[in-house]
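S.K.: Dropping in protein_36.cif, which is mmCIF, C-alpha atoms:
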data_coords
#
loop_
_atom_site.label_atom_id
_atom_site.label_comp_id
_atom_site.auth_asym_id
_atom_site.auth_seq_id
_atom_site.Cartn_x
_atom_site.Cartn_y
_atom_site.Cartn_z
CA GLU A 1 105.18 83.94 114.75
CA ASN A 2 108.46 85.77 114.36
CA GLY A 3 109.61 87.41 111.15
CA GLU A 4 113.08 87.34 109.77
CA VAL A 5 115.03 89.90 107.77
CA SER A 6 117.85 88.66 105.56
CA ALA A 7 120.53 90.52 103.62
CA LEU A 8 121.92 88.79 100.56
CA GLU A 9 125.16 89.38 98.70
CA ALA A 10 124.24 91.11 95.41
CA SER A 11 126.88 89.27 93.37
CA ASP A 12 125.98 85.67 94.19
CA GLY A 13 122.93 85.64 96.51
CA THR A 14 124.72 84.24 99.56
CA ILE A 15 123.29 85.26 102.91
CA ARG A 16 125.29 88.08 104.56
CA TRP A 17 123.18 88.18 107.72
CA GLU A 18 119.78 87.23 109.13
CA THR A 19 117.95 88.87 112.03
CA ARG A 20 114.83 87.51 113.71
CA LEU A 21 112.29 90.13 114.81
CA SER A 22 109.47 90.05 117.34
CA SER A 23 106.62 89.40 114.91
CA GLU A 24 105.53 88.77 111.34
CA ILE A 25 106.62 91.18 108.60
CA LEU A 26 103.98 92.03 105.98
CA ALA A 27 105.34 95.29 104.52
CA PRO A 28 108.57 95.61 102.55
CA PRO A 29 111.52 96.94 104.57
CA ARG A 30 113.15 100.23 103.55
CA VAL A 31 116.87 101.03 103.49
CA ALA A 32 118.34 104.48 104.22
CA GLN A 33 121.58 105.88 105.65
CA GLY A 34 123.01 102.47 106.51
CA MET A 35 119.85 101.22 108.20
CA VAL A 36 117.08 98.77 107.36
CA LEU A 37 113.65 99.91 108.63
CA VAL A 38 111.07 97.20 109.27
CA ARG A 39 107.43 97.37 110.45
CA THR A 40 106.08 94.27 112.18
CA VAL A 41 102.44 93.35 112.87
CA ASP A 42 102.90 93.67 116.64
CA GLY A 43 103.14 97.47 116.37
CA LYS A 44 106.91 97.84 116.19
CA LEU A 45 109.08 99.87 113.84
CA THR A 46 112.64 98.56 114.02
CA ALA A 47 115.93 99.88 112.64
CA LEU A 48 118.75 97.43 111.94
CA ASN A 49 122.32 98.08 110.81
CA ALA A 50 122.40 97.40 107.08
CA SER A 51 125.97 96.05 107.36
CA ASP A 52 125.39 93.34 109.98
CA GLY A 53 121.69 93.25 110.98
CA ASP A 54 122.31 94.41 114.56
CA LEU A 55 119.49 96.26 116.30
CA ARG A 56 119.81 100.08 116.29
CA TRP A 57 116.46 101.05 117.83
CA THR A 58 112.80 100.03 118.16
CA TYR A 59 109.70 102.24 118.28
CA ASP A 60 106.72 100.43 119.85
CA ARG A 61 102.97 101.19 119.66
CA THR A 62 100.16 99.27 121.30
CA VAL A 63 98.08 97.26 118.84
CA PRO A 64 94.26 97.33 119.18
CA VAL A 65 92.39 94.08 119.88
CA LEU A 66 91.16 93.84 116.27
CA THR A 67 93.12 95.04 113.23
CA LEU A 68 93.22 94.53 109.48
CA ARG A 69 95.84 92.08 108.27
CA GLY A 70 98.53 94.40 107.01
CA THR A 71 101.07 97.01 108.01
CA SER A 72 102.09 100.35 106.58
CA PRO A 73 105.57 100.33 105.02
CA PRO A 74 107.85 102.97 106.52
CA VAL A 75 108.66 106.07 104.46
CA ILE A 76 111.96 107.94 104.83
CA THR A 77 112.03 111.72 104.36
CA ASP A 78 114.23 114.50 105.78
CA ASP A 79 116.08 112.25 108.29
CA MET A 80 112.74 110.95 109.60
CA VAL A 81 110.90 107.67 109.29
CA ILE A 82 107.14 108.08 108.87
CA SER A 83 104.88 105.11 109.42
CA GLY A 84 101.17 104.46 109.87
CA PHE A 85 99.93 102.29 112.70
CA ASP A 86 96.79 100.41 113.70
CA GLY A 87 94.36 102.65 115.53
CA GLY A 88 94.72 105.50 113.00
CA ARG A 89 98.03 107.02 114.16
CA LEU A 90 100.73 108.39 111.89
CA VAL A 91 104.14 108.73 113.53
CA ALA A 92 107.42 110.39 112.54
CA VAL A 93 110.56 109.26 114.35
CA ASP A 94 114.17 110.38 114.04
CA LEU A 95 116.01 108.09 111.64
CA GLN A 96 119.18 107.95 113.76
CA ASP A 97 117.77 107.25 117.24
CA GLY A 98 114.07 106.34 116.84
CA GLN A 99 112.88 109.19 119.08
CA THR A 100 109.41 110.57 118.33
CA VAL A 101 109.46 113.76 116.25
CA TRP A 102 105.66 113.98 116.06
CA GLU A 103 102.60 111.78 116.32
CA ARG A 104 99.20 112.53 114.81
CA ARG A 105 95.89 110.72 115.15
CA VAL A 106 94.51 110.77 111.61
CA ALA A 107 91.27 108.99 112.49
CA ILE A 108 89.52 108.43 115.79
CA PRO A 109 88.05 104.99 116.44
CA SER A 110 84.30 105.15 117.02
CA GLY A 111 81.44 102.71 117.25
CA ARG A 112 80.14 100.08 119.60
CA THR A 113 82.05 97.06 118.34
CA GLU A 114 85.73 96.35 117.74
CA LEU A 115 84.91 95.98 114.03
CA GLU A 116 83.31 99.44 113.89
CA ARG A 117 86.38 100.91 115.63
CA LEU A 118 88.90 99.69 113.03
CA VAL A 119 90.80 102.73 111.69
CA ASP A 120 94.08 101.13 110.64
CA ILE A 121 96.71 102.73 108.43
CA ASP A 122 97.95 99.82 106.35
CA ALA A 123 98.81 101.53 103.06
CA GLU A 124 102.07 103.36 102.45
CA PRO A 125 101.91 107.09 103.18
CA GLN A 126 102.98 109.28 100.26
CA VAL A 127 105.26 112.29 100.69
CA ARG A 128 105.47 115.19 98.24
CA ASP A 129 106.83 118.71 98.73
CA GLY A 130 106.93 118.41 102.53
CA THR A 131 103.39 117.02 102.84
CA VAL A 132 102.43 113.50 103.91
CA TYR A 133 99.25 112.08 102.37
CA VAL A 134 97.68 109.17 104.21
CA ALA A 135 94.47 107.13 104.25
CA THR A 136 92.87 105.09 107.02
CA PHE A 137 90.36 102.28 106.85
CA GLN A 138 86.94 103.47 108.13
CA GLY A 139 88.42 106.85 108.87
CA ARG A 140 89.94 109.69 106.89
CA VAL A 141 92.23 110.76 104.14
CA ALA A 142 94.52 113.56 105.28
CA ALA A 143 97.36 115.84 104.27
CA ILE A 144 99.85 116.43 107.07
CA ASP A 145 102.87 118.73 107.30
CA ALA A 146 105.89 116.41 107.36
CA ALA A 147 107.98 118.82 109.44
CA ASN A 148 105.64 119.22 112.42
CA GLY A 149 102.72 116.80 112.01
CA GLU A 150 100.08 119.53 111.72
CA VAL A 151 96.98 118.59 109.73
CA ILE A 152 96.67 120.66 106.55
CA TRP A 153 93.33 119.12 105.51
CA ARG A 154 91.32 115.96 106.08
CA ARG A 155 88.27 114.30 104.59
CA ASP A 156 86.13 111.46 105.92
CA MET A 157 86.75 108.47 103.65
CA SER A 158 87.64 104.82 104.10
CA SER A 159 90.50 103.24 102.19
CA HIS A 160 92.91 100.42 102.87
CA ALA A 161 94.54 100.83 99.43
CA GLY A 162 96.09 104.20 100.24
CA VAL A 163 96.56 107.27 98.10
CA GLY A 164 98.29 108.24 94.88
CA ILE A 165 99.48 111.77 94.19
CA ASP A 166 100.61 113.89 91.27
CA GLU A 167 101.40 117.59 90.90
CA ASP A 168 97.80 118.71 91.43
CA ARG A 169 95.68 115.95 92.88
CA VAL A 170 95.33 113.20 95.45
CA TYR A 171 93.75 109.96 94.21
CA VAL A 172 92.04 107.56 96.60
CA THR A 173 90.36 104.21 96.03
CA ASP A 174 87.69 103.84 98.69
CA GLU A 175 86.42 100.66 100.35
CA ARG A 176 83.83 100.22 97.56
CA SER A 177 86.55 100.44 94.84
CA HIS A 178 85.49 103.93 93.76
CA VAL A 179 88.32 106.30 92.74
#
Can you give me the file's structure in the form of structure tokens?
M.R.:
Amino acid sequence: ENGEVSALEASDGTIRWETRLSSEILAPPRVAQGMVLVRTVDGKLTALNASDGDLRWTYDRTVPVLTLRGTSPPVITDDMVISGFDGGRLVAVDLQDGQTVWERRVAIPSGRTELERLVDIDAEPQVRDGTVYVATFQGRVAAIDAANGEVIWRRDMSSHAGVGIDEDRVYVTDERSHV
């Protein structure tokens, strides 16, 4: 089923524009530099003009056969859009043209069944001081350099709830609800 993005007039709620996308939208869109960034469940990250809803660019990743129901909301930092994808990949693309800046596999699918190989990134990555913190289901929690995608550290841990950060620590709720 297709998803639709709508822009409403702030003063009275009238619809300014509506744009239909290729698939369902489960994560909130983000707005930056005159663009609306939307992640759809079919593995696409799409940029629309905030003024009229016209397509600017689309970044497309293949979706594994089996995934969790959810998508990672895009995060905007330093003229890049960072988003997690099914299959354990974290991607940074240029905000203006959608070209890949870097791509990093945070977790590697393993196991005999499709269920065992689920390593989706469905929670929102967190960015602080040039570092991206991200969690995968049945995979890892990792800290990644936002500028070049290099892994700073990683730890085996499963979470679909994502991470929280403060000045000194990274907080993760694992699949058994342990913090």
S.K.: Which residues are close to Arg56 of chain A, i.e. within 9 Å by only C-alpha atoms, leaving aside same-chain residues fewer than 4 positions away? Reply as a CSV table (one decimal) with C-alpha atoms, in the coordinates of the input.
M.R.:
chain,number,residue,atom,x,y,z
A,35,MET,CA,119.8,101.2,108.2
A,46,THR,CA,112.6,98.6,114.0
A,47,ALA,CA,115.9,99.9,112.6
A,48,LEU,CA,118.8,97.4,111.9
A,49,ASN,CA,122.3,98.1,110.8
A,96,GLN,CA,119.2,108.0,113.8
A,97,ASP,CA,117.8,107.2,117.2
A,98,GLY,CA,114.1,106.3,116.8
S.K.: Quick one: of A:Thr14, A:Asn2, A:Thr77, A:Ser51, who's nearest to Leu26 of chain A, counting all atoms listed in the file?
M.R.: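 Closest residue, counting all atoms listed in the file: A:Asn2.
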S.K.: Find the distance between atom CA of Thr100 of chain A and atom CA of Asp42 of chain A and write it in Å to one decimal.
M.R.: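 Spanning atom CA of Thr100 of chain A to atom CA of Asp42 of chain A is a straight-line distance of 18.2 Å.
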S.K.: Given the file shown, determine the residues that the PyMOL selection byres ((chain A and resi 132) around 10) selects; report them as a PDB file with C-alpha atoms, in the coordinates of the input.
M.R.:
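The new file selection-v2.pdb reads:
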ATOM      1  CA  VAL A  75     108.660 106.070 104.460  1.00  0.00           C
ATOM      2  CA  THR A  77     112.030 111.720 104.360  1.00  0.00           C
ATOM      3  CA  ILE A  82     107.140 108.080 108.870  1.00  0.00           C
ATOM      4  CA  LEU A  90     100.730 108.390 111.890  1.00  0.00           C
ATOM      5  CA  PRO A 125     101.910 107.090 103.180  1.00  0.00           C
ATOM      6  CA  GLN A 126     102.980 109.280 100.260  1.00  0.00           C
ATOM      7  CA  VAL A 127     105.260 112.290 100.690  1.00  0.00           C
ATOM      8  CA  ARG A 128     105.470 115.190  98.240  1.00  0.00           C
ATOM      9  CA  ASP A 129     106.830 118.710  98.730  1.00  0.00           C
ATOM     10  CA  GLY A 130     106.930 118.410 102.530  1.00  0.00           C
ATOM     11  CA  THR A 131     103.390 117.020 102.840  1.00  0.00           C
ATOM     12  CA  TYR A 133      99.250 112.080 102.370  1.00  0.00           C
ATOM     13  CA  VAL A 134      97.680 109.170 104.210  1.00  0.00           C
ATOM     14  CA  ALA A 142      94.520 113.560 105.280  1.00  0.00           C
ATOM     15  CA  ALA A 143      97.360 115.840 104.270  1.00  0.00           C
ATOM     16  CA  ILE A 144      99.850 116.430 107.070  1.00  0.00           C
ATOM     17  CA  ASP A 145     102.870 118.730 107.300  1.00  0.00           C
ATOM     18  CA  ALA A 146     105.890 116.410 107.360  1.00  0.00           C
ATOM     19  CA  ALA A 147     107.980 118.820 109.440  1.00  0.00           C
ATOM     20  CA  GLY A 149     102.720 116.800 112.010  1.00  0.00           C
ATOM     21  CA  VAL A 151      96.980 118.590 109.730  1.00  0.00           C
ATOM     22  CA  ILE A 152      96.670 120.660 106.550  1.00  0.00           C
TER      23      ILE A 152
END
S.K.: How many Å separate atom CA of Thr58 of chain A from atom CA of Ala135 of chain A?
M.R.: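 Interatomic distance here is 24.1 Å.
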S.K.: Separation of atom CA of Trp17 of chain A and atom CA of Asp122 of chain A, in Å?
M.R.: 27.8 Å
S.K.: Starting from the PyMOL selection byres ((chain A and resi 173) around 9), expand the selection into actual residues of this file and give them as a VMD selection string.
M.R.: chain A and resid 158 to 164 171 to 172 174 to 179
S.K.: If the PyMOL selection byres ((chain A and resi 16) around 12) were run on this exact file, what residues would it hold? Put them as a list in words.
M.R.: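 Those residues are Val5, Ser6, Ala7, Leu8, Glu9, Ala10, Ser11, Asp12, Gly13, Thr14, Ile15, Trp17, Glu18, Thr19, Ala50, Ser51, Asp52 and Gly53 of chain A.
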S.K.: Looking at only C-alpha atoms, which of A:Ser72, A:Ser23, A:Gln33, A:Thr62 is the one that sits closest to Phe137 of chain A?
M.R.: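 For Phe137 of chain A, the nearest of the given residues is A:Ser72.
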S.K.: Mind checking which residues fall within 10 Å of Gln99 of chain A, counting all atoms listed in the file, ignoring those fewer than 4 positions away in the same chain, and posting them as a PyMOL selection string?
M.R.: chain A and resi 57-59+80+92-95
S.K.: Rank nothing, just name the residue among A:Asn148, A:Val41, A:Arg140, A:Leu55 nearest to Gly88 of chain A, using only C-alpha atoms.
M.R.: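 Of A:Asn148, A:Val41, A:Arg140, A:Leu55, the one nearest Gly88 of chain A is A:Arg140, counting only C-alpha atoms.
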S.K.: Which one of A:Asp166, A:Asp156, A:Asp54, A:Glu150 sits closest to Trp102 of chain A if you count all atoms listed in the file?
M.R.: A:Glu150
S.K.: As lines of an AutoDock Vina configuration file, what would the box around segment 30-38 of chain A look like: edges along x, y and z, 8 Å added on every side, centre and edge lengths in Å to one decimal?
M.R.:
center_x = 117.0
center_y = 101.5
center_z = 106.4
size_x = 27.9
size_y = 24.7
size_z = 21.8
S.K.: With distances taken over all atoms listed in the file, which residue among A:Val91, A:Leu37, A:Val106, A:Thr113 lies nearest Val141 of chain A?
M.R.: A:Val106
